[in-house]
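Written out below as structure tokens is the structure these notes cover.
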Amino acid sequence: MNKYTQYHDETTAFHNETMIYFSQCTPNKVLSLGELLRLTSDTAVEDFAERNMSREQLAEKGVAILVSRVSFRIHRIPQENEKIIIHTHEEKSEPLQFVRAYDINSQDGEKLVSGISSWLLVDVNAHRIMPIKKFDEMKMREPTTLTNEHDCLPYGKIKLPEDLSLFDERVIKYSDLDSNGHTTNSRYGSFVADALPPEFRNISFKDFRLNYAKEAMLGEKLSVFGKIDNEQKKISLVGKTEQGVSFEAELFW
């Protein structure tokens, strides 16, 4: 049996060794967008947990940390049965957002995916966003001042074109939910992939950005609108429910 490890190094960066399994791949035998989101967010959650900031420990403080925006540069998408190492670390926080960086490499050090993400601190009782300084006051971890340059697109507001067309519709089902009863953040990558026109299912995308807005709830209809810009080699997408925008995304090829 293969043995994979998770560990922190002397810089407090967290490393997760794993393999891309059959069930995580598309029919093209490469990692799916949904599984890319799941692997990176699960690695971040495990990093927090190993530093005594598990979901349960955060809940005792009345807070949760939720992913808000992600941006990935795809140098080469990981393939079925490929062994990879996911590296992640916190960077200097913004006033209302934690900042986290990722690098996914092959076992021989080839850079596969690099990324940057932002995370919100939420008061679970009042259901409101809290400033990061409130978390620093809890003394659960030592804040970092680390900042690096990144080769991926910056996370941030996604500017959508006006003339979008309906690409897909679906209803949020029970299997879309996580153990908190919320739509799992990685499912939005699947919503994006399922909305793509068939001719884009074999495209090797270079950049993927996704912003979470308002959660799509169980039983709600999610309508995904999009536009293809062949000049910029970009697909813009927005998912909406009756409650408003649920997510926005961009894919570049």
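To be explicit about the labels: the chains of the structure tokens are called A, B, and onward in the order shown, and within each one the residues are counted from 1, while ligands get numbers from 1 in the order they are shown.
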
I'd like a table as CSV: residues in range 9-50 of chain A with an atom no more than 12 Å from range 88-92 of chain A, each row giving the shortest atom pair and its distance in Å to one decimal, only C-alpha atoms counted, sorted by chain and rising residue number.
residue,atom,partner,partner_atom,distance
A:Asp9,CA,A:His89,CA,10.4
A:Glu10,CA,A:His89,CA,11.8
A:Thr11,CA,A:His89,CA,8.9
A:Thr12,CA,A:His89,CA,7.2
A:Ala13,CA,A:His89,CA,4.7
A:Phe14,CA,A:Thr88,CA,5.3
A:His15,CA,A:Thr88,CA,6.5
A:Asn16,CA,A:Thr88,CA,8.5
A:Glu17,CA,A:Thr88,CA,11.7
A:Leu39,CA,A:Thr88,CA,11.2
A:Thr40,CA,A:Thr88,CA,8.3
A:Ser41,CA,A:Thr88,CA,10.0
A:Asp42,CA,A:Thr88,CA,10.9
A:Thr43,CA,A:Thr88,CA,7.6
A:Ala44,CA,A:Thr88,CA,7.0
A:Val45,CA,A:Thr88,CA,10.6
A:Glu46,CA,A:Thr88,CA,10.5
A:Asp47,CA,A:Thr88,CA,8.1
A:Phe48,CA,A:Glu90,CA,9.9

Would you mind exporting the chosen residues as a short mmCIF file (atom, residue, chain, number, x, y, z; two decimals), in the first residue's frame, restricted to all heavy atoms?
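Wrote result-v9.cif, looks like this:
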data_model
loop_
_atom_site.label_atom_id
_atom_site.label_comp_id
_atom_site.auth_asym_id
_atom_site.auth_seq_id
_atom_site.Cartn_x
_atom_site.Cartn_y
_atom_site.Cartn_z
N ASP A 9 6.64 22.20 7.56
CA ASP A 9 8.09 22.37 7.59
C ASP A 9 8.44 23.48 8.57
O ASP A 9 7.58 24.02 9.28
CB ASP A 9 8.65 22.62 6.19
CG ASP A 9 8.12 23.92 5.56
OD1 ASP A 9 7.72 24.84 6.30
OD2 ASP A 9 8.11 24.00 4.32
N GLU A 10 9.72 23.86 8.60
CA GLU A 10 10.18 24.85 9.58
C GLU A 10 9.61 26.23 9.32
O GLU A 10 9.64 27.10 10.20
CB GLU A 10 11.71 24.90 9.58
CG GLU A 10 12.36 25.36 8.29
CD GLU A 10 12.47 24.24 7.25
OE1 GLU A 10 12.03 23.11 7.55
OE2 GLU A 10 12.98 24.51 6.15
N THR A 11 9.05 26.48 8.12
CA THR A 11 8.46 27.78 7.82
C THR A 11 6.97 27.81 8.12
O THR A 11 6.32 28.81 7.87
CB THR A 11 8.68 28.15 6.35
OG1 THR A 11 7.88 27.28 5.52
CG2 THR A 11 10.14 28.01 5.95
N THR A 12 6.41 26.70 8.60
CA THR A 12 4.98 26.47 8.88
C THR A 12 4.16 26.26 7.61
O THR A 12 2.93 26.20 7.67
CB THR A 12 4.33 27.60 9.73
OG1 THR A 12 4.16 28.77 8.93
CG2 THR A 12 5.14 27.91 10.97
N ALA A 13 4.83 26.17 6.45
CA ALA A 13 4.10 25.75 5.26
C ALA A 13 3.64 24.30 5.45
O ALA A 13 4.31 23.50 6.11
CB ALA A 13 4.97 25.88 4.02
N PHE A 14 2.49 23.98 4.87
CA PHE A 14 1.91 22.66 5.03
C PHE A 14 2.00 21.90 3.71
O PHE A 14 1.77 22.47 2.64
CB PHE A 14 0.44 22.78 5.46
CG PHE A 14 -0.22 21.47 5.79
CD1 PHE A 14 0.19 20.72 6.89
CD2 PHE A 14 -1.25 20.98 5.00
CE1 PHE A 14 -0.43 19.51 7.20
CE2 PHE A 14 -1.88 19.78 5.30
CZ PHE A 14 -1.46 19.04 6.41
N HIS A 15 2.33 20.61 3.79
CA HIS A 15 2.54 19.80 2.60
C HIS A 15 1.69 18.54 2.69
O HIS A 15 1.69 17.86 3.72
CB HIS A 15 4.02 19.42 2.46
CG HIS A 15 4.93 20.60 2.59
ND1 HIS A 15 5.24 21.43 1.53
CD2 HIS A 15 5.59 21.11 3.67
CE1 HIS A 15 6.05 22.39 1.96
NE2 HIS A 15 6.26 22.22 3.24
N ASN A 16 0.99 18.25 1.62
CA ASN A 16 0.08 17.11 1.57
C ASN A 16 0.42 16.25 0.36
O ASN A 16 0.23 16.67 -0.79
CB ASN A 16 -1.37 17.62 1.48
CG ASN A 16 -2.38 16.50 1.37
OD1 ASN A 16 -2.09 15.34 1.65
ND2 ASN A 16 -3.59 16.84 0.94
N GLU A 17 0.96 15.07 0.62
CA GLU A 17 1.28 14.14 -0.46
C GLU A 17 0.07 13.24 -0.72
O GLU A 17 -0.51 12.68 0.20
CB GLU A 17 2.48 13.28 -0.08
CG GLU A 17 3.75 14.07 0.18
CD GLU A 17 4.90 13.19 0.62
OE1 GLU A 17 4.67 11.97 0.80
OE2 GLU A 17 6.02 13.69 0.77
N LEU A 39 -9.48 19.29 -3.22
CA LEU A 39 -8.14 18.99 -2.74
C LEU A 39 -7.49 20.19 -2.07
O LEU A 39 -6.88 20.07 -1.00
CB LEU A 39 -7.26 18.50 -3.89
CG LEU A 39 -7.39 17.05 -4.31
CD1 LEU A 39 -6.59 16.79 -5.58
CD2 LEU A 39 -6.90 16.12 -3.20
N THR A 40 -7.61 21.35 -2.69
CA THR A 40 -6.96 22.54 -2.13
C THR A 40 -7.66 23.02 -0.86
O THR A 40 -6.99 23.37 0.12
CB THR A 40 -6.90 23.67 -3.17
OG1 THR A 40 -8.20 23.86 -3.77
CG2 THR A 40 -5.91 23.34 -4.26
N SER A 41 -8.98 23.01 -0.84
CA SER A 41 -9.68 23.47 0.37
C SER A 41 -9.50 22.48 1.51
O SER A 41 -9.30 22.88 2.66
CB SER A 41 -11.16 23.71 0.09
OG SER A 41 -11.82 22.52 -0.29
N ASP A 42 -9.54 21.17 1.22
CA ASP A 42 -9.33 20.17 2.27
C ASP A 42 -7.91 20.27 2.84
O ASP A 42 -7.71 20.09 4.05
CB ASP A 42 -9.56 18.76 1.72
CG ASP A 42 -11.03 18.41 1.60
OD1 ASP A 42 -11.88 19.23 2.01
OD2 ASP A 42 -11.33 17.32 1.09
N THR A 43 -6.93 20.56 1.99
CA THR A 43 -5.56 20.72 2.47
C THR A 43 -5.46 21.93 3.37
O THR A 43 -4.78 21.90 4.41
CB THR A 43 -4.59 20.83 1.28
OG1 THR A 43 -4.67 19.65 0.49
CG2 THR A 43 -3.16 21.01 1.76
N ALA A 44 -6.14 23.01 3.02
CA ALA A 44 -6.14 24.20 3.87
C ALA A 44 -6.79 23.92 5.21
O ALA A 44 -6.28 24.32 6.27
CB ALA A 44 -6.88 25.34 3.16
N VAL A 45 -7.93 23.21 5.20
CA VAL A 45 -8.62 22.88 6.44
C VAL A 45 -7.74 21.99 7.32
O VAL A 45 -7.70 22.15 8.55
CB VAL A 45 -9.96 22.19 6.13
CG1 VAL A 45 -10.59 21.61 7.39
CG2 VAL A 45 -10.93 23.19 5.48
N GLU A 46 -7.03 21.06 6.71
CA GLU A 46 -6.13 20.19 7.48
C GLU A 46 -4.97 20.97 8.05
O GLU A 46 -4.53 20.71 9.18
CB GLU A 46 -5.63 19.05 6.59
CG GLU A 46 -4.81 18.00 7.33
CD GLU A 46 -5.60 17.27 8.40
OE1 GLU A 46 -6.86 17.26 8.33
OE2 GLU A 46 -4.98 16.69 9.32
N ASP A 47 -4.46 21.94 7.30
CA ASP A 47 -3.41 22.83 7.80
C ASP A 47 -3.89 23.53 9.07
O ASP A 47 -3.20 23.54 10.10
CB ASP A 47 -3.03 23.84 6.73
CG ASP A 47 -2.05 24.90 7.21
OD1 ASP A 47 -1.33 24.66 8.21
OD2 ASP A 47 -1.98 25.97 6.58
N PHE A 48 -5.09 24.12 9.01
CA PHE A 48 -5.65 24.78 10.19
C PHE A 48 -5.80 23.79 11.35
O PHE A 48 -5.45 24.10 12.50
CB PHE A 48 -7.02 25.39 9.86
CG PHE A 48 -6.97 26.70 9.15
CD1 PHE A 48 -7.70 26.91 7.99
CD2 PHE A 48 -6.21 27.75 9.64
CE1 PHE A 48 -7.67 28.13 7.33
CE2 PHE A 48 -6.17 28.99 8.99
CZ PHE A 48 -6.91 29.17 7.83
#

Leaving out range 196-207 of chain A and any residue of its chain fewer than 4 positions from it, which residues lie within 6 Å of it when counting only C-alpha atoms, given as number ranges by chain?
A: 72-74, 251-253

Can you spit out the residues from that selection as a tab-separated table (two decimals), in the first residue's frame, using all heavy atoms?
chain	number	residue	atom	x	y	z
A	72	PHE	N	-6.50	30.00	-9.90
A	72	PHE	CA	-5.49	28.98	-10.17
A	72	PHE	C	-4.89	29.17	-11.56
A	72	PHE	O	-5.62	29.40	-12.54
A	72	PHE	CB	-6.09	27.57	-10.10
A	72	PHE	CG	-6.54	27.18	-8.71
A	72	PHE	CD1	-7.89	27.16	-8.39
A	72	PHE	CD2	-5.62	26.84	-7.74
A	72	PHE	CE1	-8.31	26.79	-7.12
A	72	PHE	CE2	-6.03	26.48	-6.47
A	72	PHE	CZ	-7.38	26.47	-6.15
A	73	ARG	N	-3.58	29.06	-11.65
A	73	ARG	CA	-2.87	28.96	-12.92
A	73	ARG	C	-2.55	27.49	-13.14
A	73	ARG	O	-1.89	26.86	-12.30
A	73	ARG	CB	-1.59	29.80	-12.86
A	73	ARG	CG	-0.60	29.60	-14.02
A	73	ARG	CD	-1.12	30.07	-15.37
A	73	ARG	NE	-1.68	31.42	-15.38
A	73	ARG	CZ	-0.95	32.54	-15.54
A	73	ARG	NH1	0.36	32.46	-15.67
A	73	ARG	NH2	-1.56	33.71	-15.55
A	74	ILE	N	-3.04	26.95	-14.24
A	74	ILE	CA	-2.86	25.54	-14.53
A	74	ILE	C	-1.74	25.38	-15.54
A	74	ILE	O	-1.90	25.66	-16.73
A	74	ILE	CB	-4.17	24.91	-15.05
A	74	ILE	CG1	-5.29	25.10	-14.02
A	74	ILE	CG2	-3.97	23.43	-15.37
A	74	ILE	CD1	-6.67	24.73	-14.52
A	251	LEU	N	-12.80	31.23	-16.97
A	251	LEU	CA	-11.87	30.23	-17.46
A	251	LEU	C	-11.16	30.78	-18.69
A	251	LEU	O	-11.81	31.33	-19.59
A	251	LEU	CB	-12.58	28.94	-17.82
A	251	LEU	CG	-13.21	28.16	-16.66
A	251	LEU	CD1	-14.55	27.61	-17.07
A	251	LEU	CD2	-12.30	27.04	-16.23
A	252	PHE	N	-9.84	30.67	-18.73
A	252	PHE	CA	-9.05	31.10	-19.88
A	252	PHE	C	-8.36	29.89	-20.50
A	252	PHE	O	-7.88	29.03	-19.79
A	252	PHE	CB	-7.99	32.13	-19.45
A	252	PHE	CG	-8.55	33.45	-18.96
A	252	PHE	CD1	-8.99	33.57	-17.65
A	252	PHE	CD2	-8.63	34.53	-19.80
A	252	PHE	CE1	-9.50	34.79	-17.18
A	252	PHE	CE2	-9.14	35.75	-19.35
A	252	PHE	CZ	-9.58	35.87	-18.03
A	253	TRP	N	-8.34	29.85	-21.82
A	253	TRP	CA	-7.65	28.75	-22.47
A	253	TRP	C	-6.49	29.24	-23.34
A	253	TRP	O	-6.31	30.42	-23.52
A	253	TRP	CB	-8.61	27.90	-23.28
A	253	TRP	CG	-9.14	28.52	-24.53
A	253	TRP	CD1	-8.59	28.46	-25.78
A	253	TRP	CD2	-10.36	29.27	-24.70
A	253	TRP	NE1	-9.35	29.12	-26.70
A	253	TRP	CE2	-10.45	29.63	-26.07
A	253	TRP	CE3	-11.37	29.70	-23.83
A	253	TRP	CZ2	-11.52	30.39	-26.59
A	253	TRP	CZ3	-12.42	30.44	-24.35
A	253	TRP	CH2	-12.49	30.78	-25.69

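The residues of range 43-134 of chain A that DSSP classifies as alpha helix (DSSP H), using the backbone of this structure, are Thr43, Ala44, Val45, Glu46, Asp47, Phe48, Ala49, Glu50, Arg55, Glu56, Gln57, Leu58, Ala59, Glu60, Ile132, Lys133 and Lys134 of chain A.
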
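Between CA of Leu121 in chain A and CA of Lys134 in chain A the interatomic distance comes to 8.9 Å.
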
Gap from CA of Glu60 in chain A to CA of Trp119 in chain A - Å, one decimal:
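Computed distance, CA of Glu60 in chain A to CA of Trp119 in chain A, equals 19.0 Å.
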
I need the residues of range 49-163 of chain A that end up classed as strand (DSSP E) by DSSP on the backbone, written out as a PyMOL selection string.
chain A and resi 63-74+83-94+97-106+111-123+128-130

Taking 5 positions as the minimum chain separation for residues in the same chain, which residues sit within 7 Å of range 179-185 of chain A when counting only C-alpha atoms? Answer as JSON, numbers by chain.
{"A": [215, 216, 217]}
